[in-house]
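Asks: My structure is stored as query_37.txt, with compact mmCIF, C-alpha atoms.
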# COMPACT_ATOMS: atom_id res chain seq x y z
CA MET A 22 -7.07 54.59 87.03
CA GLY A 23 -6.53 51.42 84.96
CA TRP A 24 -4.06 50.40 82.58
CA GLU A 25 -4.11 48.75 79.19
CA HIS A 26 -1.68 46.09 78.08
CA GLN A 27 -0.60 46.42 74.58
CA SER A 28 1.55 43.72 73.14
CA THR A 29 4.23 44.62 70.73
CA PRO A 30 4.01 42.55 67.55
CA ARG A 31 6.98 40.45 66.86
CA LYS A 32 8.73 40.41 63.61
CA PRO A 33 8.60 37.13 61.82
CA VAL A 34 11.72 35.15 62.09
CA PRO A 35 12.83 33.98 58.74
CA VAL A 36 12.92 30.27 58.46
CA PRO A 37 15.71 28.89 56.42
CA THR A 38 14.66 27.01 53.38
CA SER A 39 17.36 24.48 54.01
CA PHE A 40 19.87 23.46 56.54
CA GLN A 41 22.67 21.04 56.80
CA VAL A 42 22.81 18.06 59.12
CA SER A 43 25.40 15.39 59.27
CA ASP A 44 25.19 11.67 59.99
CA ALA A 45 27.64 8.87 59.87
CA GLN A 46 27.45 8.85 56.10
CA GLY A 47 28.18 12.56 55.71
CA ASP A 48 26.22 15.80 55.18
CA VAL A 49 22.53 15.65 54.31
CA GLU A 50 20.54 18.66 53.16
CA MET A 51 17.03 18.92 54.68
CA VAL A 52 14.60 21.11 52.81
CA SER A 53 11.74 23.00 54.44
CA GLY A 54 9.02 25.16 53.09
CA PRO A 55 5.65 24.55 51.46
CA PRO A 56 4.86 20.93 50.56
CA PRO A 57 5.11 19.88 46.98
CA ALA A 58 2.06 20.34 44.82
CA TYR A 59 0.96 16.73 45.06
CA TYR A 60 0.51 17.16 48.84
CA SER A 61 -1.67 20.18 48.35
CA THR A 62 -4.87 20.04 50.35
CA GLU A 63 -6.49 22.57 48.13
CA GLY A 64 -7.39 19.96 45.46
CA PRO A 65 -9.36 16.69 45.80
CA LEU A 66 -7.63 13.72 47.34
CA PRO A 67 -6.84 10.82 45.06
CA PRO A 68 -9.34 8.01 45.34
CA ARG A 69 -8.58 5.22 47.84
CA ALA A 70 -9.48 1.63 47.77
CA ASP A 71 -12.72 0.81 49.61
CA MET A 72 -11.54 -0.44 52.95
CA SER A 73 -15.03 -1.00 54.42
CA TYR A 74 -16.13 -4.66 55.51
CA GLN A 75 -17.67 -6.62 52.75
CA PRO A 76 -19.49 -9.88 53.92
CA GLN A 77 -18.46 -13.06 52.05
CA PRO A 78 -21.24 -15.15 50.43
CA ALA A 79 -22.54 -17.91 52.79
CA GLU A 80 -22.04 -21.56 51.89
CA SER A 81 -25.26 -22.61 50.07
CA ARG A 82 -26.94 -25.88 51.26
CA TRP A 83 -28.02 -26.44 47.65
CA ASN A 84 -24.49 -26.14 46.29
CA PRO A 85 -22.85 -29.61 46.13
CA ARG A 86 -19.39 -27.94 46.48
CA TYR A 87 -20.18 -27.20 50.11
CA TRP A 88 -21.78 -30.62 51.04
CA ARG A 89 -20.14 -32.67 53.71
CA LYS A 90 -19.46 -36.41 53.43
CA ARG A 91 -22.41 -37.14 55.69
CA THR A 92 -24.71 -35.19 53.39
CA TRP A 93 -23.39 -37.08 50.38
CA ALA A 94 -23.99 -40.39 52.18
CA ILE A 95 -27.59 -39.45 52.94
CA ILE A 96 -28.19 -38.35 49.34
CA VAL A 97 -26.77 -41.60 47.98
CA ALA A 98 -28.85 -43.69 50.39
CA VAL A 99 -32.03 -41.88 49.38
CA LEU A 100 -31.24 -42.38 45.69
CA VAL A 101 -30.64 -46.10 46.28
CA VAL A 102 -34.00 -46.44 48.05
CA ILE A 103 -35.76 -44.58 45.23
CA ILE A 104 -34.17 -46.86 42.64
CA ILE A 105 -35.12 -49.99 44.58
CA VAL A 106 -38.72 -48.82 44.99
CA ALA A 107 -38.91 -47.87 41.33
CA VAL A 108 -37.67 -51.30 40.26
CA VAL A 109 -39.29 -53.55 42.89
CA THR A 110 -42.75 -51.97 43.06
CA PRO A 111 -43.75 -52.72 39.45
CA VAL A 112 -42.39 -56.26 39.85
CA GLU A 113 -44.39 -56.85 43.03
CA VAL A 114 -47.53 -55.34 41.54
CA ALA A 115 -47.17 -57.59 38.50
CA LYS A 116 -46.55 -60.56 40.76
CA ALA A 117 -49.64 -59.80 42.85
CA ASN A 118 -51.74 -59.63 39.69
CA ARG A 119 -50.49 -62.86 38.17
CA TYR A 120 -53.30 -65.20 37.23
CA PRO A 121 -53.36 -68.31 35.04
CA ASN A 122 -54.94 -68.28 31.61
CA TYR A 123 -57.89 -70.62 31.89
CA THR A 124 -58.38 -70.92 28.18
CA ARG A 125 -61.38 -72.84 26.94
CA LEU A 126 -60.92 -76.59 26.68
CA ASN A 127 -63.06 -79.04 24.75
CA TYR A 128 -64.24 -81.84 27.02
CA SER A 129 -65.60 -85.24 26.10
CA LEU A 130 -67.11 -87.88 28.40
CA SER A 131 -64.57 -90.52 29.46
CA ASP A 132 -66.14 -92.20 32.51
CA GLU A 133 -69.48 -92.46 34.25
CA TYR A 134 -70.88 -93.77 37.55
CA SER A 135 -74.63 -94.27 37.33
CA GLY A 136 -77.61 -96.61 37.59
CA THR A 137 -77.74 -99.87 39.47
CA GLY A 138 -74.04 -100.48 38.80
CA PHE A 139 -73.02 -97.23 40.45
CA PHE A 140 -71.01 -98.94 43.22
CA ASP A 141 -69.48 -101.57 40.95
CA LYS A 142 -66.77 -99.10 40.00
CA PHE A 143 -65.72 -98.63 43.62
CA ASN A 144 -63.64 -100.57 46.10
CA TYR A 145 -64.91 -100.70 49.68
CA PHE A 146 -62.41 -99.64 52.30
CA GLU A 147 -62.56 -101.96 55.31
CA GLY A 148 -61.46 -101.42 58.92
CA TYR A 149 -60.78 -98.54 61.26
CA ASP A 150 -60.60 -95.02 59.97
CA PRO A 151 -57.12 -93.56 59.15
CA ALA A 152 -58.33 -90.21 60.52
CA GLN A 153 -59.11 -91.70 63.96
CA GLY A 154 -62.85 -91.70 63.39
CA PHE A 155 -65.23 -93.54 65.73
CA VAL A 156 -66.36 -95.82 62.95
CA HIS A 157 -66.08 -99.30 61.47
CA TYR A 158 -65.96 -99.20 57.68
CA VAL A 159 -67.58 -102.36 56.38
CA PRO A 160 -66.90 -104.34 53.17
CA LYS A 161 -69.35 -104.47 50.30
CA GLU A 162 -71.10 -107.64 51.47
CA ARG A 163 -71.67 -106.24 54.97
CA ALA A 164 -72.77 -102.90 53.56
CA THR A 165 -75.32 -104.67 51.36
CA GLN A 166 -76.57 -106.77 54.30
CA LEU A 167 -77.02 -103.68 56.48
CA ASN A 168 -78.50 -101.77 53.54
CA LEU A 169 -75.80 -99.12 53.83
CA THR A 170 -75.21 -98.88 50.06
CA TYR A 171 -77.66 -99.52 47.24
CA ALA A 172 -78.48 -98.07 43.84
CA SER A 173 -81.38 -97.81 41.44
CA ALA A 174 -81.66 -96.55 37.87
CA ASP A 175 -81.34 -92.92 38.91
CA THR A 176 -80.18 -92.87 42.55
CA ALA A 177 -77.32 -94.21 44.64
CA ILE A 178 -77.39 -94.20 48.46
CA LEU A 179 -74.51 -94.43 50.96
CA LYS A 180 -75.33 -94.09 54.66
CA VAL A 181 -74.45 -94.67 58.31
CA ASP A 182 -75.95 -97.61 60.22
CA THR A 183 -78.99 -96.77 62.34
CA SER A 184 -79.78 -100.28 63.64
CA VAL A 185 -77.10 -100.94 66.26
CA GLY A 186 -77.90 -99.54 69.69
CA PRO A 187 -76.72 -99.92 73.30
CA GLY A 188 -78.45 -103.33 73.68
CA SER A 189 -77.16 -104.78 70.41
CA ASN A 190 -74.57 -107.53 70.18
CA PRO A 191 -72.19 -106.34 69.04
CA ASP A 192 -72.95 -102.80 70.08
CA ALA A 193 -71.38 -99.56 68.82
CA SER A 194 -69.13 -98.99 71.83
CA THR A 195 -66.03 -99.08 69.61
CA GLY A 196 -67.58 -97.28 66.68
CA ARG A 197 -70.62 -97.26 64.42
CA PHE A 198 -70.83 -99.04 61.06
CA SER A 199 -70.37 -96.82 58.04
CA VAL A 200 -69.03 -96.93 54.49
CA ARG A 201 -66.08 -95.54 52.58
CA VAL A 202 -65.78 -96.30 48.84
CA GLU A 203 -62.86 -95.50 46.54
CA SER A 204 -63.04 -95.48 42.75
CA LYS A 205 -61.07 -98.24 41.03
CA THR A 206 -60.01 -95.78 38.35
CA GLN A 207 -57.49 -93.11 39.21
CA TYR A 208 -57.31 -89.78 37.39
CA ASN A 209 -54.65 -87.20 36.62
CA ASN A 210 -56.85 -84.28 35.52
CA GLY A 211 -60.24 -83.69 34.01
CA LEU A 212 -63.66 -82.21 34.60
CA PHE A 213 -65.75 -83.99 37.23
CA ILE A 214 -69.52 -83.55 37.45
CA PHE A 215 -71.22 -84.79 40.65
CA ASP A 216 -75.01 -84.83 40.90
CA VAL A 217 -75.63 -84.59 44.66
CA LYS A 218 -79.26 -84.87 45.79
CA HIS A 219 -78.76 -85.16 49.56
CA THR A 220 -75.85 -84.42 51.90
CA PRO A 221 -75.35 -86.18 55.26
CA PHE A 222 -75.51 -84.17 58.46
CA GLY A 223 -76.08 -84.63 62.19
CA CYS A 224 -74.15 -84.48 65.44
CA GLY A 225 -70.94 -86.47 65.24
CA THR A 226 -70.90 -86.83 61.43
CA TRP A 227 -67.97 -86.00 59.16
CA PRO A 228 -68.97 -86.74 55.55
CA ALA A 229 -66.90 -85.96 52.49
CA LEU A 230 -66.84 -86.24 48.70
CA TRP A 231 -63.19 -85.98 47.73
CA LEU A 232 -60.31 -87.16 45.57
CA VAL A 233 -57.02 -88.64 46.78
CA ASP A 234 -54.43 -91.30 46.04
CA PRO A 235 -55.02 -93.57 49.06
CA ALA A 236 -51.57 -95.16 48.78
CA ASN A 237 -49.66 -91.87 48.46
CA TRP A 238 -51.11 -89.28 50.79
CA PRO A 239 -50.09 -86.49 51.10
CA ASP A 240 -47.48 -86.78 48.33
CA HIS A 241 -50.11 -86.92 45.58
CA GLY A 242 -52.44 -84.38 47.17
CA GLU A 243 -56.10 -84.29 48.15
CA ILE A 244 -59.06 -82.39 46.69
CA ASP A 245 -62.13 -82.00 48.92
CA VAL A 246 -65.18 -81.16 46.82
CA MET A 247 -67.83 -81.39 49.57
CA GLU A 248 -67.17 -81.58 53.29
CA SER A 249 -68.84 -80.55 56.53
CA VAL A 250 -69.18 -81.69 60.14
CA ASN A 251 -71.81 -82.13 62.82
CA GLN A 252 -74.99 -80.15 62.12
CA ALA A 253 -73.47 -78.60 58.99
CA THR A 254 -75.01 -75.17 59.45
CA ASP A 255 -72.06 -73.17 58.11
CA GLY A 256 -72.00 -74.37 54.50
CA ASN A 257 -69.85 -76.53 52.26
CA GLN A 258 -66.07 -76.55 52.51
CA MET A 259 -63.78 -77.04 49.48
CA THR A 260 -60.14 -77.68 50.36
CA LEU A 261 -56.75 -78.75 49.03
CA HIS A 262 -54.21 -80.70 51.10
CA THR A 263 -50.65 -81.02 49.76
CA THR A 264 -47.00 -81.35 50.55
CA ASP A 265 -44.96 -78.17 51.03
CA ASN A 266 -44.76 -75.22 48.60
CA CYS A 267 -48.40 -74.89 47.64
CA GLU A 268 -49.98 -71.62 48.72
CA MET A 269 -53.05 -69.64 47.73
CA ASN A 270 -52.02 -66.18 48.96
CA VAL A 271 -52.42 -64.94 45.39
CA LYS A 272 -54.99 -63.41 43.10
CA ARG A 273 -58.10 -65.62 42.97
CA ILE A 274 -61.48 -65.24 41.32
CA MET A 275 -64.19 -66.96 43.37
CA SER A 276 -67.39 -66.36 45.29
CA GLY A 277 -66.50 -68.45 48.35
CA SER A 278 -64.79 -67.22 51.51
CA ASN A 279 -61.12 -68.03 51.98
CA LEU A 280 -60.40 -69.92 55.21
CA ALA A 281 -56.65 -70.48 54.89
CA SER A 282 -54.00 -70.01 52.21
CA ASP A 283 -51.33 -72.60 53.03
CA CYS A 284 -52.22 -76.02 51.60
CA TYR A 285 -49.28 -77.79 53.27
CA ASN A 286 -50.60 -80.72 55.32
CA ALA A 287 -48.20 -80.02 58.20
CA THR A 288 -49.64 -76.53 58.72
CA ASP A 289 -52.33 -76.01 61.38
CA ASN A 290 -52.98 -79.72 61.93
CA ASN A 291 -53.63 -80.39 58.25
CA ALA A 292 -56.31 -77.74 57.92
CA GLY A 293 -55.41 -77.26 54.25
CA CYS A 294 -56.29 -74.23 52.13
CA GLY A 295 -60.05 -74.17 52.44
CA VAL A 296 -62.85 -72.14 50.90
CA ARG A 297 -66.31 -72.00 52.43
CA GLY A 298 -69.57 -71.63 50.54
CA PRO A 299 -72.76 -69.99 51.81
CA ASN A 300 -74.82 -71.60 54.57
CA ASP A 301 -77.25 -73.19 52.11
CA SER A 302 -74.47 -74.90 50.14
CA TYR A 303 -74.61 -77.97 52.38
CA GLY A 304 -76.86 -79.67 54.93
CA SER A 305 -80.54 -79.22 55.63
CA SER A 306 -81.06 -76.13 53.47
CA TYR A 307 -79.22 -77.69 50.52
CA ASN A 308 -81.24 -80.90 50.82
CA ASP A 309 -84.57 -79.06 51.07
CA ALA A 310 -83.80 -77.50 47.68
CA GLN A 311 -83.23 -80.98 46.15
CA GLY A 312 -79.50 -80.46 46.10
CA GLY A 313 -77.72 -79.70 42.85
CA VAL A 314 -74.51 -80.27 40.93
CA MET A 315 -70.87 -79.90 41.97
CA ALA A 316 -68.41 -79.40 39.11
CA MET A 317 -64.66 -79.62 39.66
CA GLU A 318 -62.15 -78.77 36.93
CA TRP A 319 -58.61 -80.02 37.52
CA ARG A 320 -55.96 -78.84 35.05
CA ASN A 321 -52.38 -77.58 35.14
CA GLU A 322 -53.56 -73.96 35.37
CA GLY A 323 -55.44 -74.67 38.58
CA ILE A 324 -58.35 -76.38 40.28
CA ARG A 325 -61.77 -74.74 40.32
CA VAL A 326 -65.06 -75.82 41.87
CA TRP A 327 -68.57 -74.63 40.96
CA GLN A 328 -71.83 -75.36 42.71
CA PHE A 329 -75.17 -75.14 40.91
CA GLY A 330 -78.59 -75.42 42.53
CA ARG A 331 -81.08 -77.90 41.12
CA ASN A 332 -82.85 -75.16 39.19
CA GLY A 333 -79.64 -73.50 38.00
CA ILE A 334 -77.73 -76.33 36.36
CA PRO A 335 -76.18 -75.07 33.09
CA ALA A 336 -77.74 -76.48 29.93
CA ASP A 337 -74.35 -77.63 28.63
CA ILE A 338 -73.96 -79.93 31.65
CA THR A 339 -77.38 -81.43 31.08
CA ALA A 340 -76.52 -81.84 27.39
CA ARG A 341 -73.22 -83.56 28.31
CA ASN A 342 -71.23 -80.90 26.54
CA PRO A 343 -69.84 -78.95 29.51
CA ASP A 344 -68.01 -75.68 28.96
CA PRO A 345 -66.62 -74.16 32.18
CA SER A 346 -65.67 -70.97 30.33
CA THR A 347 -69.38 -70.08 30.30
CA TRP A 348 -70.15 -70.81 33.95
CA GLY A 349 -69.04 -67.55 35.48
CA THR A 350 -67.24 -67.16 38.82
CA ALA A 351 -66.31 -70.40 40.56
CA ALA A 352 -67.22 -71.08 44.18
CA ALA A 353 -63.57 -71.97 44.88
CA ASP A 354 -60.46 -71.12 42.86
CA PHE A 355 -57.04 -72.68 43.45
CA PRO A 356 -54.72 -71.22 40.75
CA ASN A 357 -51.24 -72.53 40.02
CA THR A 358 -49.56 -69.17 40.72
CA ASN A 359 -47.73 -70.38 43.84
CA CYS A 360 -48.56 -74.07 43.55
CA ASP A 361 -47.41 -76.48 40.86
CA ILE A 362 -50.71 -78.32 40.33
CA GLY A 363 -49.14 -80.90 38.04
CA SER A 364 -46.61 -82.05 40.63
CA HIS A 365 -48.84 -81.84 43.70
CA PHE A 366 -51.84 -83.80 42.38
CA LYS A 367 -51.59 -87.25 40.81
CA ASN A 368 -53.42 -90.57 40.55
CA GLN A 369 -56.59 -89.41 42.29
CA SER A 370 -59.44 -91.77 43.16
CA ILE A 371 -62.96 -90.48 43.81
CA ILE A 372 -63.83 -91.18 47.44
CA VAL A 373 -67.19 -91.00 49.22
CA ASN A 374 -67.47 -91.67 52.95
CA ILE A 375 -69.23 -90.73 56.16
CA ASP A 376 -66.81 -90.61 59.06
CA LEU A 377 -67.92 -90.17 62.67
CA CYS A 378 -66.19 -87.98 65.26
CA GLY A 379 -62.50 -88.24 64.34
CA GLN A 380 -59.99 -85.43 64.02
CA TYR A 381 -62.39 -82.90 62.53
CA ALA A 382 -65.93 -83.54 63.81
CA GLY A 383 -64.65 -84.69 67.18
CA GLY A 384 -62.28 -81.77 67.46
CA VAL A 385 -65.03 -79.15 67.10
CA TYR A 386 -67.81 -81.17 68.75
CA PRO A 387 -67.77 -79.20 72.05
CA GLN A 388 -68.50 -75.97 70.13
CA SER A 389 -71.12 -77.51 67.84
CA GLY A 390 -74.12 -77.31 70.15
CA CYS A 391 -74.44 -81.09 70.17
CA PRO A 392 -75.14 -83.02 73.41
CA SER A 393 -72.89 -85.23 75.55
CA ASN A 394 -69.50 -86.02 73.99
CA CYS A 395 -68.97 -87.21 70.43
CA THR A 396 -68.20 -90.91 70.94
CA ASP A 397 -70.87 -91.49 73.59
CA TYR A 398 -73.47 -89.79 71.44
CA VAL A 399 -72.54 -91.78 68.33
CA ALA A 400 -72.45 -95.10 70.20
CA ASN A 401 -75.78 -94.74 72.00
CA ASN A 402 -78.10 -92.86 69.62
CA PRO A 403 -78.64 -94.84 66.39
CA SER A 404 -81.79 -92.92 65.53
CA ALA A 405 -79.80 -89.68 65.44
CA PHE A 406 -78.32 -90.74 62.09
CA THR A 407 -81.43 -90.91 59.93
CA ASN A 408 -80.16 -87.87 57.97
CA ALA A 409 -76.62 -89.19 57.73
CA PHE A 410 -76.73 -90.38 54.13
CA TRP A 411 -75.47 -89.38 50.68
CA GLU A 412 -77.83 -89.56 47.72
CA PHE A 413 -76.38 -89.17 44.24
CA GLY A 414 -77.72 -89.07 40.72
CA LYS A 415 -74.60 -89.87 38.72
CA PHE A 416 -70.95 -88.94 38.44
CA GLU A 417 -69.46 -87.97 35.06
CA VAL A 418 -65.78 -87.57 34.26
CA TYR A 419 -64.72 -85.59 31.17
CA SER A 420 -61.29 -85.44 29.57
CA ALA A 421 -59.89 -82.53 27.57
CA SER A 422 -59.46 -83.34 23.90
Spell out the structure here as structure tokens.
Replies:
Amino acid sequence: MGWEHQSTPRKPVPVPTSFQVSDAQGDVEMVSGPPPAYYSTEGPLPPRADMSYQPQPAESRWNPRYWRKRTWAIIVAVLVVIIIVAVVTPVEVAKANRYPNYTRLNYSLSDEYSGTGFFDKFNYFEGYDPAQGFVHYVPKERATQLNLTYASADTAILKVDTSVGPGSNPDASTGRFSVRVESKTQYNNGLFIFDVKHTPFGCGTWPALWLVDPANWPDHGEIDVMESVNQATDGNQMTLHTTDNCEMNVKRIMSGSNLASDCYNATDNNAGCGVRGPNDSYGSSYNDAQGGVMAMEWRNEGIRVWQFGRNGIPADITARNPDPSTWGTAAADFPNTNCDIGSHFKNQSIIVNIDLCGQYAGGVYPQSGCPSNCTDYVANNPSAFTNAFWEFGKFEVYSAS
């Protein structure tokens, strides 16, 4: 019942191998047929250039060719800092380590204060105190009358009056009698040996053993060898006072404690550049040990101060052939590193005095543990000054030869 379709195969129509077409330029022959051999797909294709994406190398942060101007500026700044540090640091280290060459000097005795004529080589300052002390400094005749200065073969005494009280006429309402002596000879360097047997102390007292040019302070400087105030429980103070441009913020070799580094008298109410010794270097403890010797060397390289207990005085001092190069570490050292010693210190007289109240003792009196106020206490308590006296053996001055 069905039927079957059978298609009749067609004969291939021959395709011309060429035909003619015409354009505006004339006849053109178009060729058909198999492609030329070089289009044959039966062989391998010719190689083609690699057209895939190839990433370009990133700009390297370590390659100077890719650095921006800002980066170059930072690099240059860092290099400048490194150069400055490399140059300045060694200079500053060398500066911080500068220290004078205290070469050994040969000293010979040039002056001496001793025996019964101890005070003959001093002038007596008379009148009110230049440092606003509550004191009347008396002349030699008055000091002798009141027994405030006297000397024997081996001892010299300088002290505060203990006789004038509230009922005396005159009384001490404007200040107590005391003494200040100044050496007639002035010095410009040297080695000074002071035999100190007893130091003054007590509420209201301000004693000092020092060197200064009385007519040219502060231009010619001041050297305090021994100084303390009131009950003197905190040790001896050694200080320089100068005009400007003298500082001790430098390398120093000493056993004392630095109190201040600027010696300029206009700094901190003329505190000076002080060094403090131990508690037993002044006052009651020092006196109980029979005192000792203070040695001060003043030379262009610097000023140094030593303190020796009575049982530790170097043999060369006793033999009058002192050699500071053998004495070890000084108690106070004031090198010339940032202070021209030669220009700041001239024409110095040795001065010994006992001031009362004044700028220093009076200024710290409220914190001293002493009673009342300074001037009232000094005026009304003569017996309080029985320990307010200096006792010396002798002073020796040596010059470098």
Asks: Considering all atoms listed in the file, return as a list in words whatever protein or nucleic-acid residues lie within 9 Å of Ala172 (chain A), sequence-local ones (same chain, fewer than 5 positions apart) excluded.
Replies: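 Returned residues: Ser135, Gly136, Thr137, Gly138, Phe139, Phe140, Ala177, Ile178 and Leu179 of chain A.
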Asks: Give me, as JSON lines, the closest atom pair and its distance (Å, one decimal) for every residue of region 332-401 of chain A within a cut-off of 12 Å of region 181-188 of chain A, counting only C-alpha atoms, rows sorted by chain and rising number.
Replies:
{"residue": "A:Asn374", "atom": "CA", "partner": "A:Val181", "partner_atom": "CA", "distance": 9.3}
{"residue": "A:Ile375", "atom": "CA", "partner": "A:Val181", "partner_atom": "CA", "distance": 6.9}
{"residue": "A:Asp376", "atom": "CA", "partner": "A:Val181", "partner_atom": "CA", "distance": 8.7}
{"residue": "A:Leu377", "atom": "CA", "partner": "A:Val181", "partner_atom": "CA", "distance": 9.0}
{"residue": "A:Asp397", "atom": "CA", "partner": "A:Pro187", "partner_atom": "CA", "distance": 10.3}
{"residue": "A:Tyr398", "atom": "CA", "partner": "A:Pro187", "partner_atom": "CA", "distance": 10.8}
{"residue": "A:Val399", "atom": "CA", "partner": "A:Gly186", "partner_atom": "CA", "distance": 9.5}
{"residue": "A:Ala400", "atom": "CA", "partner": "A:Gly186", "partner_atom": "CA", "distance": 7.0}
{"residue": "A:Asn401", "atom": "CA", "partner": "A:Pro187", "partner_atom": "CA", "distance": 5.4}
Asks: Could you jot down the CA of Thr110 (chain A) to CA of Arg273 (chain A) separation for me, Å, one decimal place?
Replies: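 That distance, rounded to one decimal, is 20.5 Å.
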Asks: Excluding region 223-238 of chain A and its own-chain neighbours fewer than 4 positions away, which residues fall within 7 Å of it when counting only C-alpha atoms? Please give them as a PyMOL selection string.
Replies: chain A and resi 242-252+368-378+382-383+391+395+399+406+408-409
Asks: Using only C-alpha atoms, which residues sit within 9 Å of Asp255 (chain A) once same-chain residues fewer than 2 positions away are excluded, as number ranges by chain?
Replies: A: 249, 252-253, 257-258, 297-304
Asks: May I have the residues within 9 Å of Thr350 (chain A) as a tab-separated table (two decimals) with C-alpha atoms, in the coordinates of the input, using only C-alpha atoms and disregarding those fewer than 3 positions away in the same chain?
Replies:
chain	number	residue	atom	x	y	z
A	274	ILE	CA	-61.48	-65.24	41.32
A	275	MET	CA	-64.19	-66.96	43.37
A	276	SER	CA	-67.39	-66.36	45.29
A	327	TRP	CA	-68.57	-74.63	40.96
A	353	ALA	CA	-63.57	-71.97	44.88
A	354	ASP	CA	-60.46	-71.12	42.86
Asks: Choose the residue, out of A:His157, A:His262, A:Arg91, A:Lys142, that has the smallest atom-to-atom separation from Gly379 (chain A); count only C-alpha atoms.
Replies: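 So, comparing all the options, the nearest one is A:His157.
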Asks: In Å to one decimal, how far is CA of Tyr381 (chain A) from CA of Gly154 (chain A)?
Replies: 8.9 Å
Asks: Determine the nearest neighbour of Asp150 (chain A) from the options A:Gly196, A:Gly277, A:Pro356, A:Pro191, counting all atoms listed in the file.
Replies: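 Closest candidate: A:Gly196.
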Asks: Between CA of Thr176 (chain A) and CA of Gly313 (chain A), what is the distance, to one decimal in Å?
Replies: 13.4 Å
Asks: For Ala351 (chain A), which residue out of A:Tyr307, A:Ser278, A:Trp88, A:Phe366 is the nearest one, using all atoms listed in the file?
Replies: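 Among the listed residues, A:Ser278 lies closest to Ala351 (chain A).
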Asks: Which residue is closest to Gly363 (chain A)? Choose from A:Thr264, A:Ser189, A:Asn118, A:Asn210 and count only C-alpha atoms.
Replies: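 Of A:Thr264, A:Ser189, A:Asn118, A:Asn210, the one nearest Gly363 (chain A) is A:Asn210, counting only C-alpha atoms.
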Asks: May I ask which of the residues A:Thr92, A:Asn84, A:Thr254, A:Ser364 is the closest one to Gly390 (chain A), counting all atoms listed in the file?
Replies: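 Among A:Thr92, A:Asn84, A:Thr254, A:Ser364, it is A:Thr254 that comes nearest to Gly390 (chain A).
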Asks: Using only C-alpha atoms, can you tell me which of A:Phe213, A:Phe222, A:Phe416, A:Tyr386 comes closest to Arg320 (chain A)?
Replies: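 Distance minimum relative to Arg320 (chain A) lands on A:Phe213.
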Asks: Residues at most 12 Å from region 309-311 of chain A, counting only C-alpha atoms, excluding those fewer than 3 positions away in the same chain, as a PyMOL selection string?
Replies: chain A and resi 216-220+301-306+314+329-333+412-414
